[in-house]
$ cat structure31.txt   # compact mmCIF, N, CA and C atoms
# COMPACT_ATOMS: atom_id res chain seq x y z
N LEU A 1 9.54 -5.53 -25.14
CA LEU A 1 8.48 -4.72 -25.72
C LEU A 1 8.82 -3.26 -25.49
N ASP A 2 8.77 -2.46 -26.53
CA ASP A 2 9.08 -1.04 -26.43
C ASP A 2 7.83 -0.23 -26.78
N PHE A 3 6.89 -0.17 -25.84
CA PHE A 3 5.65 0.55 -26.09
C PHE A 3 5.93 2.02 -26.39
N PHE A 4 6.81 2.64 -25.63
CA PHE A 4 7.05 4.07 -25.81
C PHE A 4 7.78 4.36 -27.12
N GLY A 5 8.38 3.36 -27.73
CA GLY A 5 9.00 3.51 -29.04
C GLY A 5 8.04 3.17 -30.18
N SER A 6 6.82 2.80 -29.84
CA SER A 6 5.81 2.45 -30.84
C SER A 6 5.38 3.69 -31.63
N PRO A 7 4.80 3.47 -32.81
CA PRO A 7 4.27 4.61 -33.56
C PRO A 7 3.23 5.37 -32.73
N ARG A 8 3.14 6.65 -32.98
CA ARG A 8 2.24 7.52 -32.23
C ARG A 8 0.80 7.01 -32.24
N ALA A 9 0.33 6.49 -33.37
CA ALA A 9 -1.05 6.01 -33.47
C ALA A 9 -1.31 4.84 -32.52
N VAL A 10 -0.33 3.97 -32.34
CA VAL A 10 -0.48 2.83 -31.42
C VAL A 10 -0.63 3.35 -29.99
N LYS A 11 0.21 4.30 -29.62
CA LYS A 11 0.15 4.84 -28.26
C LYS A 11 -1.14 5.64 -28.05
N GLN A 12 -1.52 6.44 -29.03
CA GLN A 12 -2.73 7.25 -28.88
C GLN A 12 -3.99 6.40 -28.76
N ALA A 13 -3.97 5.20 -29.31
CA ALA A 13 -5.13 4.31 -29.18
C ALA A 13 -5.34 3.89 -27.72
N CYS A 14 -4.32 4.07 -26.90
CA CYS A 14 -4.40 3.70 -25.48
C CYS A 14 -4.66 4.90 -24.58
N GLU A 15 -4.98 6.06 -25.16
CA GLU A 15 -5.31 7.23 -24.37
C GLU A 15 -6.70 7.08 -23.77
N CYS A 16 -6.91 7.75 -22.65
CA CYS A 16 -8.22 7.71 -22.02
C CYS A 16 -8.69 9.12 -21.70
N ASP A 17 -8.19 9.67 -20.60
CA ASP A 17 -8.68 10.98 -20.15
C ASP A 17 -7.58 11.95 -19.75
N GLY A 18 -6.35 11.68 -20.13
CA GLY A 18 -5.24 12.55 -19.76
C GLY A 18 -4.61 12.21 -18.43
N GLN A 19 -5.22 11.27 -17.71
CA GLN A 19 -4.66 10.80 -16.44
C GLN A 19 -4.54 9.29 -16.41
N VAL A 20 -5.37 8.62 -17.13
CA VAL A 20 -5.42 7.16 -17.16
C VAL A 20 -5.05 6.70 -18.56
N GLY A 21 -4.41 5.53 -18.64
CA GLY A 21 -3.98 5.04 -19.94
C GLY A 21 -2.73 5.78 -20.39
N TYR A 22 -2.56 5.92 -21.69
CA TYR A 22 -1.39 6.60 -22.22
C TYR A 22 -1.53 8.12 -22.08
N VAL A 23 -0.48 8.76 -21.58
CA VAL A 23 -0.42 10.22 -21.47
C VAL A 23 0.78 10.66 -22.31
N SER A 24 0.51 11.43 -23.36
CA SER A 24 1.54 11.79 -24.33
C SER A 24 2.50 12.87 -23.83
N LEU A 25 3.60 13.01 -24.55
CA LEU A 25 4.58 14.04 -24.25
C LEU A 25 3.91 15.41 -24.18
N GLY A 26 4.32 16.21 -23.21
CA GLY A 26 3.81 17.56 -23.11
C GLY A 26 2.48 17.72 -22.41
N ARG A 27 1.89 16.63 -21.90
CA ARG A 27 0.58 16.72 -21.25
C ARG A 27 0.70 16.94 -19.73
N GLU A 28 1.90 16.74 -19.19
CA GLU A 28 2.08 16.88 -17.75
C GLU A 28 2.92 18.11 -17.41
N ASN A 29 2.64 18.68 -16.25
CA ASN A 29 3.44 19.76 -15.70
C ASN A 29 3.43 19.55 -14.20
N VAL A 30 4.33 18.68 -13.72
CA VAL A 30 4.33 18.27 -12.32
C VAL A 30 4.52 19.47 -11.39
N ALA A 31 5.28 20.46 -11.80
CA ALA A 31 5.49 21.64 -10.96
C ALA A 31 4.17 22.33 -10.63
N ALA A 32 3.18 22.19 -11.48
CA ALA A 32 1.89 22.83 -11.25
C ALA A 32 1.21 22.28 -9.99
N THR A 33 1.53 21.07 -9.58
CA THR A 33 0.91 20.50 -8.38
C THR A 33 1.34 21.24 -7.12
N SER A 34 2.48 21.94 -7.19
CA SER A 34 2.93 22.72 -6.04
C SER A 34 2.51 24.18 -6.16
N GLY A 35 1.73 24.49 -7.19
CA GLY A 35 1.24 25.84 -7.36
C GLY A 35 2.10 26.74 -8.22
N THR A 36 3.22 26.20 -8.71
CA THR A 36 4.13 26.99 -9.54
C THR A 36 4.44 26.23 -10.82
N PRO A 37 3.56 26.30 -11.81
CA PRO A 37 3.81 25.56 -13.05
C PRO A 37 5.11 26.01 -13.73
N SER A 38 5.81 25.08 -14.33
CA SER A 38 7.01 25.44 -15.09
C SER A 38 6.57 26.05 -16.42
N ALA A 39 7.46 26.79 -17.05
CA ALA A 39 7.13 27.47 -18.31
C ALA A 39 6.79 26.48 -19.41
N ALA A 40 7.45 25.35 -19.42
CA ALA A 40 7.20 24.33 -20.44
C ALA A 40 6.68 23.06 -19.77
N PRO A 41 5.82 22.32 -20.46
CA PRO A 41 5.37 21.05 -19.88
C PRO A 41 6.53 20.06 -19.78
N ASP A 42 6.34 19.04 -18.97
CA ASP A 42 7.37 18.01 -18.77
C ASP A 42 7.58 17.21 -20.04
N ASN A 43 8.82 16.87 -20.31
CA ASN A 43 9.17 16.07 -21.48
C ASN A 43 9.12 14.59 -21.09
N VAL A 44 7.92 14.12 -20.80
CA VAL A 44 7.73 12.74 -20.35
C VAL A 44 6.40 12.22 -20.90
N GLU A 45 6.36 10.93 -21.15
CA GLU A 45 5.12 10.26 -21.50
C GLU A 45 4.96 9.11 -20.51
N SER A 46 3.74 8.69 -20.28
CA SER A 46 3.52 7.64 -19.28
C SER A 46 2.34 6.76 -19.67
N LEU A 47 2.29 5.63 -19.01
CA LEU A 47 1.17 4.70 -19.13
C LEU A 47 0.67 4.48 -17.71
N ASN A 48 -0.48 5.01 -17.39
CA ASN A 48 -1.02 4.99 -16.04
C ASN A 48 -2.06 3.88 -15.91
N LEU A 49 -1.81 2.98 -14.99
CA LEU A 49 -2.64 1.79 -14.81
C LEU A 49 -3.27 1.82 -13.42
N PRO A 50 -4.40 2.48 -13.28
CA PRO A 50 -5.02 2.60 -11.96
C PRO A 50 -5.81 1.36 -11.58
N SER A 51 -6.36 1.44 -10.40
CA SER A 51 -7.27 0.38 -9.96
C SER A 51 -8.45 0.99 -9.26
N TYR A 52 -8.60 2.27 -9.39
CA TYR A 52 -9.62 2.96 -8.61
C TYR A 52 -10.64 3.70 -9.44
N GLN A 53 -10.52 3.70 -10.75
CA GLN A 53 -11.44 4.48 -11.56
C GLN A 53 -12.43 3.63 -12.35
N GLU A 54 -12.21 2.35 -12.42
CA GLU A 54 -13.08 1.50 -13.21
C GLU A 54 -14.42 1.34 -12.52
N GLU A 55 -15.46 1.82 -13.15
CA GLU A 55 -16.80 1.81 -12.57
C GLU A 55 -17.22 0.39 -12.20
N GLY A 56 -17.70 0.25 -10.98
CA GLY A 56 -18.19 -1.05 -10.52
C GLY A 56 -17.10 -2.00 -10.08
N SER A 57 -15.83 -1.57 -10.14
CA SER A 57 -14.73 -2.45 -9.76
C SER A 57 -14.70 -2.65 -8.25
N GLU A 58 -14.61 -3.88 -7.85
CA GLU A 58 -14.51 -4.19 -6.43
C GLU A 58 -13.11 -4.65 -6.08
N TRP A 59 -12.15 -4.36 -6.98
CA TRP A 59 -10.77 -4.77 -6.77
C TRP A 59 -10.19 -4.17 -5.50
N THR A 60 -9.34 -4.94 -4.82
CA THR A 60 -8.57 -4.43 -3.69
C THR A 60 -7.15 -4.96 -3.80
N MET A 61 -6.24 -4.34 -3.07
CA MET A 61 -4.85 -4.78 -3.08
C MET A 61 -4.76 -6.24 -2.65
N LEU A 62 -5.50 -6.62 -1.65
CA LEU A 62 -5.46 -8.00 -1.16
C LEU A 62 -5.88 -8.96 -2.28
N GLY A 63 -6.89 -8.59 -3.05
CA GLY A 63 -7.30 -9.42 -4.17
C GLY A 63 -6.19 -9.59 -5.19
N ALA A 64 -5.48 -8.50 -5.46
CA ALA A 64 -4.37 -8.57 -6.43
C ALA A 64 -3.27 -9.48 -5.91
N LEU A 65 -2.99 -9.40 -4.63
CA LEU A 65 -1.95 -10.25 -4.05
C LEU A 65 -2.35 -11.72 -4.07
N GLN A 66 -3.65 -11.97 -4.13
CA GLN A 66 -4.15 -13.35 -4.18
C GLN A 66 -4.38 -13.81 -5.62
N GLY A 67 -4.03 -12.97 -6.60
CA GLY A 67 -4.10 -13.40 -7.99
C GLY A 67 -5.21 -12.81 -8.84
N SER A 68 -6.03 -11.91 -8.29
CA SER A 68 -7.07 -11.28 -9.11
C SER A 68 -6.42 -10.44 -10.21
N PRO A 69 -6.99 -10.44 -11.41
CA PRO A 69 -6.39 -9.65 -12.49
C PRO A 69 -6.60 -8.15 -12.26
N PRO A 70 -5.72 -7.34 -12.84
CA PRO A 70 -5.89 -5.88 -12.72
C PRO A 70 -7.23 -5.44 -13.29
N PRO A 71 -7.95 -4.54 -12.64
CA PRO A 71 -9.25 -4.12 -13.13
C PRO A 71 -9.18 -3.37 -14.45
N TRP A 72 -8.04 -2.74 -14.75
CA TRP A 72 -7.91 -1.98 -15.99
C TRP A 72 -7.83 -2.88 -17.22
N LEU A 73 -7.69 -4.19 -17.04
CA LEU A 73 -7.64 -5.10 -18.21
C LEU A 73 -8.90 -5.00 -19.06
N SER A 74 -10.02 -4.66 -18.43
CA SER A 74 -11.27 -4.58 -19.18
C SER A 74 -11.59 -3.16 -19.67
N ALA A 75 -10.72 -2.20 -19.37
CA ALA A 75 -10.94 -0.82 -19.81
C ALA A 75 -10.68 -0.68 -21.30
N PRO A 76 -11.40 0.19 -21.99
CA PRO A 76 -11.21 0.37 -23.44
C PRO A 76 -9.77 0.70 -23.84
N TYR A 77 -9.08 1.52 -23.04
CA TYR A 77 -7.71 1.86 -23.42
C TYR A 77 -6.79 0.64 -23.37
N ALA A 78 -7.07 -0.32 -22.50
CA ALA A 78 -6.26 -1.54 -22.44
C ALA A 78 -6.56 -2.44 -23.63
N ALA A 79 -7.81 -2.46 -24.06
CA ALA A 79 -8.19 -3.29 -25.21
C ALA A 79 -7.47 -2.82 -26.48
N ALA A 80 -7.11 -1.55 -26.54
CA ALA A 80 -6.43 -1.00 -27.71
C ALA A 80 -4.93 -1.25 -27.69
N ALA A 81 -4.40 -1.67 -26.56
CA ALA A 81 -2.96 -1.87 -26.41
C ALA A 81 -2.50 -3.16 -27.08
N PRO A 82 -1.25 -3.21 -27.53
CA PRO A 82 -0.71 -4.46 -28.07
C PRO A 82 -0.77 -5.56 -27.01
N PRO A 83 -1.13 -6.79 -27.39
CA PRO A 83 -1.25 -7.88 -26.41
C PRO A 83 0.01 -8.09 -25.56
N ALA A 84 1.18 -7.96 -26.17
CA ALA A 84 2.41 -8.15 -25.40
C ALA A 84 2.54 -7.08 -24.31
N LEU A 85 2.09 -5.87 -24.60
CA LEU A 85 2.12 -4.80 -23.59
C LEU A 85 1.17 -5.12 -22.45
N VAL A 86 -0.02 -5.57 -22.77
CA VAL A 86 -1.01 -5.89 -21.74
C VAL A 86 -0.47 -6.97 -20.81
N SER A 87 0.13 -7.99 -21.37
CA SER A 87 0.70 -9.08 -20.57
C SER A 87 1.84 -8.57 -19.69
N ALA A 88 2.76 -7.82 -20.27
CA ALA A 88 3.90 -7.30 -19.51
C ALA A 88 3.44 -6.31 -18.44
N ALA A 89 2.48 -5.45 -18.78
CA ALA A 89 1.98 -4.45 -17.83
C ALA A 89 1.26 -5.12 -16.67
N ALA A 90 0.49 -6.17 -16.95
CA ALA A 90 -0.21 -6.88 -15.87
C ALA A 90 0.80 -7.52 -14.91
N TYR A 91 1.87 -8.08 -15.46
CA TYR A 91 2.92 -8.68 -14.64
C TYR A 91 3.61 -7.60 -13.79
N TYR A 92 3.95 -6.49 -14.41
CA TYR A 92 4.58 -5.37 -13.70
C TYR A 92 3.64 -4.85 -12.61
N TRP A 93 2.38 -4.67 -12.95
CA TRP A 93 1.38 -4.12 -12.04
C TRP A 93 1.24 -4.99 -10.80
N LYS A 94 1.23 -6.30 -10.99
CA LYS A 94 1.11 -7.21 -9.85
C LYS A 94 2.34 -7.08 -8.95
N GLY A 95 3.53 -6.98 -9.55
CA GLY A 95 4.75 -6.80 -8.75
C GLY A 95 4.76 -5.48 -8.02
N ALA A 96 4.36 -4.41 -8.70
CA ALA A 96 4.33 -3.09 -8.07
C ALA A 96 3.32 -3.07 -6.91
N THR A 97 2.22 -3.78 -7.07
CA THR A 97 1.23 -3.87 -6.00
C THR A 97 1.82 -4.59 -4.79
N ALA A 98 2.59 -5.65 -5.03
CA ALA A 98 3.23 -6.38 -3.93
C ALA A 98 4.25 -5.49 -3.21
N VAL A 99 5.01 -4.70 -3.96
CA VAL A 99 5.97 -3.78 -3.34
C VAL A 99 5.23 -2.72 -2.51
N THR A 100 4.15 -2.18 -3.06
CA THR A 100 3.35 -1.20 -2.32
C THR A 100 2.85 -1.79 -1.01
N ASP A 101 2.37 -3.03 -1.07
CA ASP A 101 1.86 -3.68 0.13
C ASP A 101 2.97 -3.84 1.17
N ALA A 102 4.16 -4.25 0.73
CA ALA A 102 5.28 -4.41 1.66
C ALA A 102 5.66 -3.07 2.29
N LEU A 103 5.67 -2.01 1.49
CA LEU A 103 5.99 -0.68 2.03
C LEU A 103 4.94 -0.21 3.02
N MET A 104 3.68 -0.53 2.76
CA MET A 104 2.62 -0.14 3.68
C MET A 104 2.73 -0.92 4.99
N GLU A 105 3.12 -2.19 4.92
CA GLU A 105 3.32 -2.97 6.15
C GLU A 105 4.45 -2.37 6.98
N LEU A 106 5.54 -1.98 6.33
CA LEU A 106 6.65 -1.35 7.04
C LEU A 106 6.22 -0.01 7.65
N SER A 107 5.40 0.73 6.92
CA SER A 107 4.89 2.01 7.44
C SER A 107 4.01 1.80 8.66
N GLU A 108 3.19 0.75 8.63
CA GLU A 108 2.35 0.44 9.79
C GLU A 108 3.20 0.17 11.02
N ILE A 109 4.27 -0.60 10.83
CA ILE A 109 5.17 -0.91 11.95
C ILE A 109 5.83 0.36 12.47
N ALA A 110 6.37 1.16 11.54
CA ALA A 110 7.07 2.39 11.93
C ALA A 110 6.15 3.38 12.63
N LEU A 111 4.90 3.44 12.20
CA LEU A 111 3.94 4.39 12.76
C LEU A 111 3.12 3.81 13.91
N LYS A 112 3.43 2.54 14.26
CA LYS A 112 2.71 1.84 15.34
C LYS A 112 1.20 1.79 15.08
N LEU A 113 0.87 1.50 13.82
CA LEU A 113 -0.53 1.35 13.43
C LEU A 113 -0.89 -0.13 13.45
N PRO A 114 -2.17 -0.45 13.56
CA PRO A 114 -2.57 -1.86 13.55
C PRO A 114 -2.20 -2.52 12.22
N ALA A 115 -1.85 -3.79 12.27
CA ALA A 115 -1.55 -4.54 11.05
C ALA A 115 -2.75 -4.49 10.11
N GLY A 116 -2.51 -4.23 8.84
CA GLY A 116 -3.57 -4.18 7.85
C GLY A 116 -4.25 -2.82 7.73
N HIS A 117 -3.80 -1.84 8.49
CA HIS A 117 -4.43 -0.51 8.47
C HIS A 117 -4.55 0.05 7.06
N PHE A 118 -3.49 0.00 6.28
CA PHE A 118 -3.52 0.59 4.94
C PHE A 118 -4.28 -0.27 3.94
N ARG A 119 -4.40 -1.55 4.20
CA ARG A 119 -5.21 -2.40 3.31
C ARG A 119 -6.69 -2.03 3.40
N GLU A 120 -7.08 -1.50 4.52
CA GLU A 120 -8.48 -1.14 4.72
C GLU A 120 -8.77 0.31 4.37
N GLU A 121 -7.75 1.15 4.33
CA GLU A 121 -7.99 2.58 4.16
C GLU A 121 -7.28 3.14 2.93
N SER A 122 -6.28 3.94 3.17
CA SER A 122 -5.64 4.77 2.14
C SER A 122 -5.16 4.04 0.89
N TYR A 123 -4.54 2.91 1.05
CA TYR A 123 -3.93 2.22 -0.10
C TYR A 123 -4.68 0.96 -0.49
N ARG A 124 -5.94 0.95 -0.23
CA ARG A 124 -6.75 -0.22 -0.54
C ARG A 124 -6.79 -0.49 -2.04
N ARG A 125 -6.76 0.57 -2.85
CA ARG A 125 -6.89 0.42 -4.29
C ARG A 125 -5.83 1.25 -5.02
N PRO A 126 -4.54 0.86 -4.91
CA PRO A 126 -3.48 1.65 -5.55
C PRO A 126 -3.40 1.42 -7.05
N GLY A 127 -2.69 2.29 -7.71
CA GLY A 127 -2.39 2.14 -9.13
C GLY A 127 -0.90 2.20 -9.34
N THR A 128 -0.46 2.16 -10.57
CA THR A 128 0.97 2.25 -10.86
C THR A 128 1.19 2.98 -12.16
N LEU A 129 2.38 3.51 -12.34
CA LEU A 129 2.74 4.26 -13.54
C LEU A 129 3.92 3.62 -14.24
N LEU A 130 3.90 3.62 -15.54
CA LEU A 130 5.07 3.23 -16.34
C LEU A 130 5.53 4.47 -17.05
N ARG A 131 6.77 4.85 -16.88
CA ARG A 131 7.31 6.06 -17.53
C ARG A 131 8.53 5.71 -18.31
$ encode --input "structure31.txt" --output "structure tokens"
Amino acid sequence: LDFFGSPRAVKQACECDGQVGYVSLGRENVAATSGTPSAAPDNVESLNLPSYQEEGSEWTMLGALQGSPPPWLSAPYAAAAPPALVSAAAYYWKGATAVTDALMELSEIALKLPAGHFREESYRRPGTLLR
């Protein structure tokens, strides 16, 4: 599936708020986060699949690891996406969540934090980006 090679109208149907869903070319300027924006916006487009903005969502990383579906599946921008993209993105999202969980476990060990520290706090509801 080549979502980023899709016609502009298909991708724009998956836009949400400039941070979630499809983010078109020229909408980002990562240098601005450090206080020094670059003269031109970044030549990148992305598909941002969060788990923390869906109103009323009780999703957690642990739930995802146990098979709960991504909360963004019910968001309007996901409903506009091609079905093959939704399926592939959900599969990718679950894998990325598992990798995040493994990295957080390693961080807990390295920082001598209690097991499960990040599942309860900072990374309880991570998201992922497709670029």
$ atom_distance --input "structure31.txt" --atom1 "atom N of Ser24 (chain A)" --atom2 "atom C of Pro76 (chain A)"
14.9 Å
$ closest_residue --input "structure31.txt" --among "A:Ser68, A:Tyr91, A:Glu45, A:Asp101" --to "Arg27 (chain A)" --atoms "all atoms listed in the file"
A:Glu45
$ residues_around --input "structure31.txt" --residues "region 103-107 of chain A" --least-positions-apart "3" --cutoff "8 Å" --atoms "only N, CA and C atoms" --output "JSON, numbers by chain"
{"A": [97, 98, 99, 100, 110, 111, 112, 113, 115, 116, 117, 118, 119, 123]}
$ closest_residue --input "structure31.txt" --among "A:Leu49, A:Ala39, A:Ala88, A:Ala80" --to "Glu15 (chain A)" --atoms "all atoms listed in the file"
A:Ala80
$ atom_distance --input "structure31.txt" --atom1 "atom N of Val10 (chain A)" --atom2 "atom C of Ser38 (chain A)"
28.1 Å
$ select_by_dssp --input "structure31.txt" --residues "chain A" --states "alpha helix (DSSP H)" --output "PyMOL selection string"
chain A and resi 8-12+61-65+76-79+83-110+117-120
$ select_by_dssp --input "structure31.txt" --residues "region 15-75 of chain A" --states "strand (DSSP E)" --output "PyMOL selection string"
chain A and resi 21-23+46-49
$ closest_residue --input "structure31.txt" --among "A:Pro50, A:Pro82, A:Gly5, A:Gly18" --to "Pro70 (chain A)" --atoms "only N, CA and C atoms"
A:Pro50
$ atom_distance --input "structure31.txt" --atom1 "CA of Pro37 (chain A)" --atom2 "atom C of Cys14 (chain A)"
25.1 Å
$ axis_aligned_box --input "structure31.txt" --around "region 107-118 of chain A" --padding-each-side "3 Å" --output "lines of an AutoDock Vina configuration file"
center_x = 1.3
center_y = -0.1
center_z = 9.6
size_x = 17.6
size_y = 14.9
size_z = 17.4
$ closest_residue --input "structure31.txt" --among "A:Ala96, A:Asn29, A:Ala79, A:Ala84" --to "Ala13 (chain A)" --atoms "only C-alpha atoms"
A:Ala79
$ closest_residue --input "structure31.txt" --among "A:Ala102, A:Ala32, A:Leu47, A:Ile109" --to "Cys16 (chain A)" --atoms "only C-alpha atoms"
A:Leu47
$ closest_residue --input "structure31.txt" --among "A:Pro69, A:Asp2, A:Leu25, A:Arg8" --to "Leu85 (chain A)" --atoms "all atoms listed in the file"
A:Asp2
